[in-house]
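One structure below.
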Amino acid sequence: MHRIKKFQKPFLLSLAGLILVGQLTFMIGHLQQASNHRGIVAAFDDDAAAAIDKAVITRFYNQVTNHYYGPVYNRLAHVVASLSPNEVGGNDLSKMEAMEKSHHFILMLISYFSLVFLSFLLVSSIVSDLSFRIMGTAFLSFLFLSNEVWLKFVFRAHPDHLFGLLVAVATILFFQSVQNPENSRQFKIAALVWGFAAATKLTILFFLPAVLILVWFHWGRSSLKKIMNFFGWFYLAFFAIGFPASIQVDKNFHAMMNQSVFSGAPTVESILEWLGLYAHQMALPLLFLFFLAVLFGNKRSDSAKTTTIFILVMHLPLALLFSRRIVSIHNYYLIPFVAVSLLCSALFLNIRIQGLLSQRWRPAFLIGLVLVWKMSVGFTPVGIDGMMTLQTGKHSEIEKTFETVKDLQMQGYRFVVSPLFPFSYEYDSNVRMYWSGWDKALNSNSPDFLGFSNSFYSRFFDKSMAEYLESGSAFPSGDKAFFERFAGKNEATDPAGRRWSLLERSPSGLEIWKRMEH
């Protein structure tokens, strides 16, 4: 028996590590397969294409943010890429395209590892044994990736998973400083991480009121000094990582005001929709954390009153989000809020539940759990095959159009294209992309070819998009009339009388139009 106990911990740790490493290797391989250069990615995700571009060109002295997202995500990807082997291109990719593809892979990799580290943070808030933490991380990240929103935003170059991780880390550090109000060092570190989160995404503005309320509540008379101290360290981190964008905060707020036109006062329907999305993303991870606490949890001696108040106040950001009715796509907005809610749930379970299993039986139960998991659903995330089919299918279709357009670009022909249309950014001097104002675009550029994406212009004919299009000024009514001349046709005449013939229309809705001779 003594010999068994001697090898028990190393065996469990090795088993847990093997499963997690296998899961990591599986996902990294799929991310590598899904990566591509900017010209291809731009045809189905213009935000991701912009992230690739900014990650390639970012330096610590230049402005690379669009004021909606901070530079942390792009700069972190650039640092990792600079430490990786250089891409040299090949028969299929130029050196620039290979560089863009490697940055795209690293951007997705950061999103994936952010989710893995978030899982580790949540599990570690409940169990203390390292082997249980590692195994729990594999389980929980599997459940996160079983949700289509969380899986999708691993495969998209967006900062949401990184932002969710930073907000969760900032929250647990802030909680520790609240539990130990005399420890000024913990408070400063928490404020620094909140600043890093602010330099990642502007959604941080939803969370700051809760932080300020907790500072006021826990530090009483000295709360004003603490708030000033908080914002000092907060802005230090924000300034350091976000420079030079951090000295142009007014532009960030202006961007937020522009985005606010796509939201309005809440309705019963919008609140119910938010609750449905929240429950859908929370359910499985929360159930797992509860299961973990009931079986393996180690009840801690944190102040129940302080923890309960902290949890309640930290859900204020969620209430602020629910107070807005968003007319654009918004299911992924919940990612950081769900991360904080799950962390608060773990803190609550810590003070309420002691694991039922004794230390003696926990290893055997964990091994049994692994066997059941393997035989029932396996270790690979549910939905990964469908995601890969979607990703690689898009790429193969887009690449055909891309090659046609690139060849015409290299011959010197002029293009006017819509968003979500592929073209080579190496030969972009004769390409102009427009979101709106198509009549003027054609008159000022006199293009030889037009490039349209049905994914872009179909929104003008989609009744469900009507409120979104009417919410802002980015899509003038004349654009719908312009695209009505081309949609579903093989020949068209633009408002200035120029005649166009359809050269190519791909199955995914990418269209190349050639100007007809007079």
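Lettering and numbering for the structure tokens are positional, with chains as A, B, ... in the shown order, residues counted from 1 in each chain, and ligands counted from 1 in the shown order.
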Practice item. Identify, with DSSP run on backbone atoms, the residues in segment 286-514 of chain A assigned to strand (DSSP E or B), and express the list as a ChimeraX atom specification. Key: /A:325-326,415-417,431-433,449-453,491-493,499-505,510-514
Check your understanding: Which polymer residues have any atom within 8 Å of an atom of segment 287-294 of chain A, counting only C-alpha atoms, with same-chain residues fewer than 4 positions away left out, as a PyMOL selection string?
Key -> chain A and resi 122-123+126-127+140+283+298+346+349-350+353-356
Check your understanding: Within 10 Å of Glu100 of chain A, counting only C-alpha atoms, which residues qualify if same-chain residues fewer than 2 places away don't, as a ChimeraX atom specification?
Key -> /A:35-39,41,49,52-53,55-56,87,94-98,102-106
Output N, CA, C and O atoms for every residue in the selection just made, as a PDB file, in the first residue's frame.
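Output contents, as saved in again23.pdb:
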ATOM      1  N   SER A  35      -5.195  28.460 -40.394  1.00  0.00           N
ATOM      2  CA  SER A  35      -4.557  29.770 -40.595  1.00  0.00           C
ATOM      3  C   SER A  35      -4.352  30.056 -42.079  1.00  0.00           C
ATOM      4  O   SER A  35      -4.196  29.139 -42.893  1.00  0.00           O
ATOM      5  N   ASN A  36      -4.354  31.335 -42.411  1.00  0.00           N
ATOM      6  CA  ASN A  36      -4.127  31.743 -43.799  1.00  0.00           C
ATOM      7  C   ASN A  36      -3.678  33.194 -43.822  1.00  0.00           C
ATOM      8  O   ASN A  36      -3.658  33.867 -42.788  1.00  0.00           O
ATOM      9  N   HIS A  37      -3.326  33.666 -45.004  1.00  0.00           N
ATOM     10  CA  HIS A  37      -2.845  35.046 -45.101  1.00  0.00           C
ATOM     11  C   HIS A  37      -4.017  36.018 -45.205  1.00  0.00           C
ATOM     12  O   HIS A  37      -5.176  35.633 -45.388  1.00  0.00           O
ATOM     13  N   ARG A  38      -3.692  37.272 -45.091  1.00  0.00           N
ATOM     14  CA  ARG A  38      -4.705  38.318 -44.963  1.00  0.00           C
ATOM     15  C   ARG A  38      -5.669  38.371 -46.146  1.00  0.00           C
ATOM     16  O   ARG A  38      -6.877  38.580 -45.963  1.00  0.00           O
ATOM     17  N   GLY A  39      -5.171  38.157 -47.362  1.00  0.00           N
ATOM     18  CA  GLY A  39      -6.028  38.240 -48.539  1.00  0.00           C
ATOM     19  C   GLY A  39      -7.166  37.245 -48.491  1.00  0.00           C
ATOM     20  O   GLY A  39      -8.280  37.544 -48.959  1.00  0.00           O
ATOM     21  N   VAL A  41      -8.289  35.636 -45.475  1.00  0.00           N
ATOM     22  CA  VAL A  41      -9.059  35.870 -44.247  1.00  0.00           C
ATOM     23  C   VAL A  41     -10.003  37.052 -44.418  1.00  0.00           C
ATOM     24  O   VAL A  41     -11.132  37.047 -43.909  1.00  0.00           O
ATOM     25  N   ALA A  49      -8.825  40.132 -40.484  1.00  0.00           N
ATOM     26  CA  ALA A  49      -7.827  40.596 -41.458  1.00  0.00           C
ATOM     27  C   ALA A  49      -7.129  41.851 -40.954  1.00  0.00           C
ATOM     28  O   ALA A  49      -5.908  41.999 -41.104  1.00  0.00           O
ATOM     29  N   ILE A  52      -4.598  40.854 -38.343  1.00  0.00           N
ATOM     30  CA  ILE A  52      -3.379  40.317 -38.951  1.00  0.00           C
ATOM     31  C   ILE A  52      -2.481  41.455 -39.415  1.00  0.00           C
ATOM     32  O   ILE A  52      -1.271  41.467 -39.166  1.00  0.00           O
ATOM     33  N   ASP A  53      -3.075  42.422 -40.109  1.00  0.00           N
ATOM     34  CA  ASP A  53      -2.311  43.559 -40.613  1.00  0.00           C
ATOM     35  C   ASP A  53      -1.635  44.310 -39.473  1.00  0.00           C
ATOM     36  O   ASP A  53      -0.431  44.615 -39.532  1.00  0.00           O
ATOM     37  N   ALA A  55      -0.962  43.222 -36.446  1.00  0.00           N
ATOM     38  CA  ALA A  55       0.041  42.396 -35.774  1.00  0.00           C
ATOM     39  C   ALA A  55       1.357  42.395 -36.545  1.00  0.00           C
ATOM     40  O   ALA A  55       2.441  42.370 -35.949  1.00  0.00           O
ATOM     41  N   VAL A  56       1.283  42.433 -37.870  1.00  0.00           N
ATOM     42  CA  VAL A  56       2.497  42.433 -38.699  1.00  0.00           C
ATOM     43  C   VAL A  56       3.240  43.752 -38.578  1.00  0.00           C
ATOM     44  O   VAL A  56       4.470  43.771 -38.448  1.00  0.00           O
ATOM     45  N   GLU A  87       9.193  32.956 -41.447  1.00  0.00           N
ATOM     46  CA  GLU A  87       8.533  32.345 -42.592  1.00  0.00           C
ATOM     47  C   GLU A  87       9.227  32.837 -43.861  1.00  0.00           C
ATOM     48  O   GLU A  87       9.475  34.026 -44.027  1.00  0.00           O
ATOM     49  N   SER A  94       3.915  33.946 -51.082  1.00  0.00           N
ATOM     50  CA  SER A  94       5.044  34.869 -51.094  1.00  0.00           C
ATOM     51  C   SER A  94       5.539  35.047 -49.663  1.00  0.00           C
ATOM     52  O   SER A  94       4.923  34.572 -48.701  1.00  0.00           O
ATOM     53  N   LYS A  95       6.635  35.735 -49.489  1.00  0.00           N
ATOM     54  CA  LYS A  95       7.190  35.954 -48.157  1.00  0.00           C
ATOM     55  C   LYS A  95       6.212  36.736 -47.286  1.00  0.00           C
ATOM     56  O   LYS A  95       6.030  36.422 -46.103  1.00  0.00           O
ATOM     57  N   MET A  96       5.553  37.761 -47.865  1.00  0.00           N
ATOM     58  CA  MET A  96       4.595  38.554 -47.096  1.00  0.00           C
ATOM     59  C   MET A  96       3.387  37.705 -46.699  1.00  0.00           C
ATOM     60  O   MET A  96       2.922  37.757 -45.552  1.00  0.00           O
ATOM     61  N   GLU A  97       2.884  36.897 -47.639  1.00  0.00           N
ATOM     62  CA  GLU A  97       1.731  36.055 -47.335  1.00  0.00           C
ATOM     63  C   GLU A  97       2.062  35.028 -46.261  1.00  0.00           C
ATOM     64  O   GLU A  97       1.242  34.734 -45.394  1.00  0.00           O
ATOM     65  N   ALA A  98       3.265  34.474 -46.315  1.00  0.00           N
ATOM     66  CA  ALA A  98       3.693  33.520 -45.290  1.00  0.00           C
ATOM     67  C   ALA A  98       3.779  34.193 -43.918  1.00  0.00           C
ATOM     68  O   ALA A  98       3.404  33.603 -42.898  1.00  0.00           O
ATOM     69  N   SER A 102       1.509  33.209 -40.606  1.00  0.00           N
ATOM     70  CA  SER A 102       2.069  32.868 -39.298  1.00  0.00           C
ATOM     71  C   SER A 102       1.492  33.768 -38.205  1.00  0.00           C
ATOM     72  O   SER A 102       1.223  33.315 -37.087  1.00  0.00           O
ATOM     73  N   HIS A 103       1.258  35.043 -38.503  1.00  0.00           N
ATOM     74  CA  HIS A 103       0.652  35.946 -37.523  1.00  0.00           C
ATOM     75  C   HIS A 103      -0.802  35.559 -37.259  1.00  0.00           C
ATOM     76  O   HIS A 103      -1.281  35.665 -36.115  1.00  0.00           O
ATOM     77  N   HIS A 104      -1.506  35.134 -38.306  1.00  0.00           N
ATOM     78  CA  HIS A 104      -2.883  34.683 -38.115  1.00  0.00           C
ATOM     79  C   HIS A 104      -2.921  33.474 -37.175  1.00  0.00           C
ATOM     80  O   HIS A 104      -3.751  33.395 -36.253  1.00  0.00           O
ATOM     81  N   PHE A 105      -2.017  32.541 -37.381  1.00  0.00           N
ATOM     82  CA  PHE A 105      -1.932  31.364 -36.518  1.00  0.00           C
ATOM     83  C   PHE A 105      -1.654  31.761 -35.069  1.00  0.00           C
ATOM     84  O   PHE A 105      -2.297  31.261 -34.135  1.00  0.00           O
ATOM     85  N   ILE A 106      -0.737  32.681 -34.869  1.00  0.00           N
ATOM     86  CA  ILE A 106      -0.378  33.088 -33.510  1.00  0.00           C
ATOM     87  C   ILE A 106      -1.527  33.838 -32.841  1.00  0.00           C
ATOM     88  O   ILE A 106      -1.788  33.644 -31.644  1.00  0.00           O
TER      89      ILE A 106
END
Review point. What's the 8 Å shell around segment 237-241 of chain A, counting only C-alpha atoms, without same-chain residues fewer than 4 positions away, as a VMD selection string?
Key: chain A and resid 60 71 to 72 192 to 193 195 to 196 198 to 199 233 246 to 247
Can you write just those residues out, all heavy atoms, as a compact mmCIF listing (two decimals), in the first residue's frame?
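result_4.txt, written as the output of this step:
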# COMPACT_ATOMS: atom_id res chain seq x y z
N PHE A 60 6.34 49.23 -30.84
CA PHE A 60 5.99 49.88 -29.58
C PHE A 60 5.98 51.40 -29.69
O PHE A 60 5.80 52.09 -28.68
CB PHE A 60 6.93 49.41 -28.47
CG PHE A 60 6.63 48.04 -27.98
CD1 PHE A 60 7.39 46.96 -28.42
CD2 PHE A 60 5.58 47.81 -27.12
CE1 PHE A 60 7.10 45.67 -27.98
CE2 PHE A 60 5.28 46.53 -26.67
CZ PHE A 60 6.04 45.46 -27.11
N PRO A 71 -4.18 47.77 -28.44
CA PRO A 71 -3.08 47.13 -29.16
C PRO A 71 -2.52 45.88 -28.50
O PRO A 71 -1.63 45.23 -29.07
CB PRO A 71 -2.02 48.22 -29.20
CG PRO A 71 -2.24 48.99 -27.94
CD PRO A 71 -3.73 48.96 -27.69
N VAL A 72 -2.98 45.48 -27.29
CA VAL A 72 -2.36 44.38 -26.56
C VAL A 72 -2.36 43.10 -27.37
O VAL A 72 -1.33 42.41 -27.49
CB VAL A 72 -3.07 44.16 -25.21
CG1 VAL A 72 -2.59 42.87 -24.55
CG2 VAL A 72 -2.80 45.33 -24.28
N LEU A 192 -2.89 47.29 -12.11
CA LEU A 192 -2.09 47.15 -13.32
C LEU A 192 -2.75 46.21 -14.32
O LEU A 192 -2.81 46.50 -15.52
CB LEU A 192 -0.69 46.65 -12.97
CG LEU A 192 0.27 47.64 -12.31
CD1 LEU A 192 1.52 46.92 -11.82
CD2 LEU A 192 0.66 48.75 -13.29
N VAL A 193 -3.27 45.09 -13.84
CA VAL A 193 -3.91 44.13 -14.74
C VAL A 193 -5.21 44.70 -15.31
O VAL A 193 -5.52 44.48 -16.48
CB VAL A 193 -4.17 42.79 -14.02
CG1 VAL A 193 -4.86 41.79 -14.96
CG2 VAL A 193 -2.86 42.20 -13.51
N GLY A 195 -5.56 47.73 -16.02
CA GLY A 195 -5.05 48.63 -17.07
C GLY A 195 -4.68 47.87 -18.33
O GLY A 195 -4.95 48.34 -19.44
N PHE A 196 -4.05 46.70 -18.17
CA PHE A 196 -3.74 45.87 -19.35
C PHE A 196 -5.02 45.44 -20.06
O PHE A 196 -5.08 45.42 -21.30
CB PHE A 196 -2.95 44.62 -18.92
CG PHE A 196 -1.53 44.91 -18.54
CD1 PHE A 196 -0.99 44.36 -17.39
CD2 PHE A 196 -0.73 45.72 -19.33
CE1 PHE A 196 0.33 44.63 -17.02
CE2 PHE A 196 0.59 45.99 -18.97
CZ PHE A 196 1.11 45.44 -17.81
N ALA A 198 -7.80 47.12 -20.09
CA ALA A 198 -8.32 48.32 -20.77
C ALA A 198 -7.62 48.55 -22.10
O ALA A 198 -8.23 49.07 -23.05
CB ALA A 198 -8.17 49.53 -19.87
N ALA A 199 -6.33 48.20 -22.18
CA ALA A 199 -5.58 48.37 -23.42
C ALA A 199 -5.82 47.21 -24.39
O ALA A 199 -5.20 47.16 -25.45
CB ALA A 199 -4.09 48.47 -23.12
N TRP A 233 -2.14 53.58 -11.07
CA TRP A 233 -1.53 52.34 -11.55
C TRP A 233 -2.24 51.81 -12.79
O TRP A 233 -1.61 51.25 -13.69
CB TRP A 233 -1.55 51.29 -10.44
CG TRP A 233 -0.60 51.62 -9.33
CD1 TRP A 233 -0.91 52.17 -8.11
CD2 TRP A 233 0.83 51.46 -9.35
NE1 TRP A 233 0.23 52.36 -7.36
CE2 TRP A 233 1.30 51.93 -8.10
CE3 TRP A 233 1.73 50.98 -10.28
CZ2 TRP A 233 2.66 51.92 -7.78
CZ3 TRP A 233 3.08 50.96 -9.96
CH2 TRP A 233 3.53 51.42 -8.71
N SER A 246 -2.62 55.43 -26.14
CA SER A 246 -3.04 55.76 -24.78
C SER A 246 -3.03 57.25 -24.49
O SER A 246 -3.59 57.68 -23.48
CB SER A 246 -2.17 55.03 -23.77
OG SER A 246 -0.80 55.24 -24.04
N ILE A 247 -2.39 58.05 -25.33
CA ILE A 247 -2.42 59.51 -25.13
C ILE A 247 -3.51 60.14 -25.97
O ILE A 247 -3.62 61.36 -26.04
CB ILE A 247 -1.05 60.15 -25.47
CG1 ILE A 247 -0.67 59.89 -26.94
CG2 ILE A 247 0.02 59.63 -24.54
CD1 ILE A 247 0.61 60.59 -27.35
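Here atom CA of Asn443 of chain A is placed at a distance of 28.8 Å from atom CA of Lys400 of chain A.
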Can you tell me which residues surround Ser119 of chain A at a distance of at most 12 Å, considering only C-alpha atoms, apart from same-chain residues fewer than 4 positions away, and format the answer as a PDB file with C-alpha atoms, in the first residue's frame?
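And here is the file that came out, out.pdb:
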ATOM      1  CA  LEU A  20      -3.891  18.093 -21.511  1.00  0.00           C
ATOM      2  CA  TYR A 112      -6.917  29.407 -27.489  1.00  0.00           C
ATOM      3  CA  PHE A 113      -4.301  29.595 -24.737  1.00  0.00           C
ATOM      4  CA  SER A 114      -6.272  32.434 -23.119  1.00  0.00           C
ATOM      5  CA  LEU A 115      -9.205  30.044 -22.841  1.00  0.00           C
ATOM      6  CA  VAL A 123     -10.353  25.158 -11.578  1.00  0.00           C
ATOM      7  CA  SER A 124      -7.520  26.376  -9.328  1.00  0.00           C
ATOM      8  CA  SER A 125     -10.019  28.527  -7.439  1.00  0.00           C
ATOM      9  CA  ILE A 126     -11.696  25.318  -6.238  1.00  0.00           C
ATOM     10  CA  ARG A 133      -6.020  21.247 -11.540  1.00  0.00           C
ATOM     11  CA  ILE A 134      -4.446  20.037 -14.790  1.00  0.00           C
ATOM     12  CA  MET A 135      -7.110  17.391 -15.367  1.00  0.00           C
ATOM     13  CA  GLY A 136      -9.847  19.880 -14.503  1.00  0.00           C
ATOM     14  CA  THR A 137      -8.342  22.346 -17.001  1.00  0.00           C
ATOM     15  CA  ALA A 138      -8.599  19.733 -19.751  1.00  0.00           C
ATOM     16  CA  PHE A 139     -12.230  19.001 -18.827  1.00  0.00           C
ATOM     17  CA  LEU A 140     -13.279  22.647 -18.548  1.00  0.00           C
ATOM     18  CA  SER A 141     -11.565  23.858 -21.729  1.00  0.00           C
ATOM     19  CA  PHE A 142     -13.273  20.924 -23.504  1.00  0.00           C
ATOM     20  CA  LEU A 143     -16.653  22.198 -22.248  1.00  0.00           C
ATOM     21  CA  PHE A 144     -15.870  25.793 -23.264  1.00  0.00           C
ATOM     22  CA  LEU A 145     -15.010  24.628 -26.774  1.00  0.00           C
ATOM     23  CA  HIS A 161     -10.780  35.459 -25.180  1.00  0.00           C
ATOM     24  CA  GLY A 164     -11.894  37.621 -20.842  1.00  0.00           C
ATOM     25  CA  LEU A 165      -8.764  36.093 -19.311  1.00  0.00           C
ATOM     26  CA  ALA A 168     -10.828  37.313 -14.784  1.00  0.00           C
ATOM     27  CA  VAL A 169      -7.205  37.629 -13.564  1.00  0.00           C
ATOM     28  CA  PRO A 285     -18.884  25.248 -17.270  1.00  0.00           C
ATOM     29  CA  LEU A 286     -20.913  26.193 -14.174  1.00  0.00           C
ATOM     30  CA  PHE A 288     -18.683  21.313 -14.042  1.00  0.00           C
ATOM     31  CA  LEU A 289     -17.381  23.751 -11.402  1.00  0.00           C
ATOM     32  CA  ALA A 339     -15.632  34.594 -17.333  1.00  0.00           C
ATOM     33  CA  VAL A 340     -16.218  36.882 -14.330  1.00  0.00           C
ATOM     34  CA  LEU A 342     -17.817  31.760 -13.434  1.00  0.00           C
ATOM     35  CA  LEU A 343     -14.974  33.088 -11.302  1.00  0.00           C
ATOM     36  CA  ALA A 346     -16.016  29.443  -7.960  1.00  0.00           C
TER      37      ALA A 346
END
Study note, to complete from the structure: Of A:Ser436, A:Ser323, A:Thr58, A:Thr25, the one sitting nearest Phe206 of chain A when using only C-alpha atoms is A:Ser323
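Taking atom CA of Phe415 of chain A and atom CA of Asn445 of chain A as endpoints, the distance between them is 8.4 Å.
Restricting the calculation to only C-alpha atoms, the smallest distance between Trp274 of chain A and any of A:Ile311, A:Pro363, A:Asn331, A:Leu450 is found for A:Asn331.
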**Study point:** Shell around Phe449 of chain A at 7 Å using only C-alpha atoms, local window under 6 positions removed, as an MDAnalysis selection string
**Key:** chainID A and resid 414:416 512:515
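With only C-alpha atoms as the atoms that count, the minimum distance from Trp435 of chain A to the choices A:Leu420, A:Ile309, A:Leu334, A:Met282 is reached by A:Leu420.
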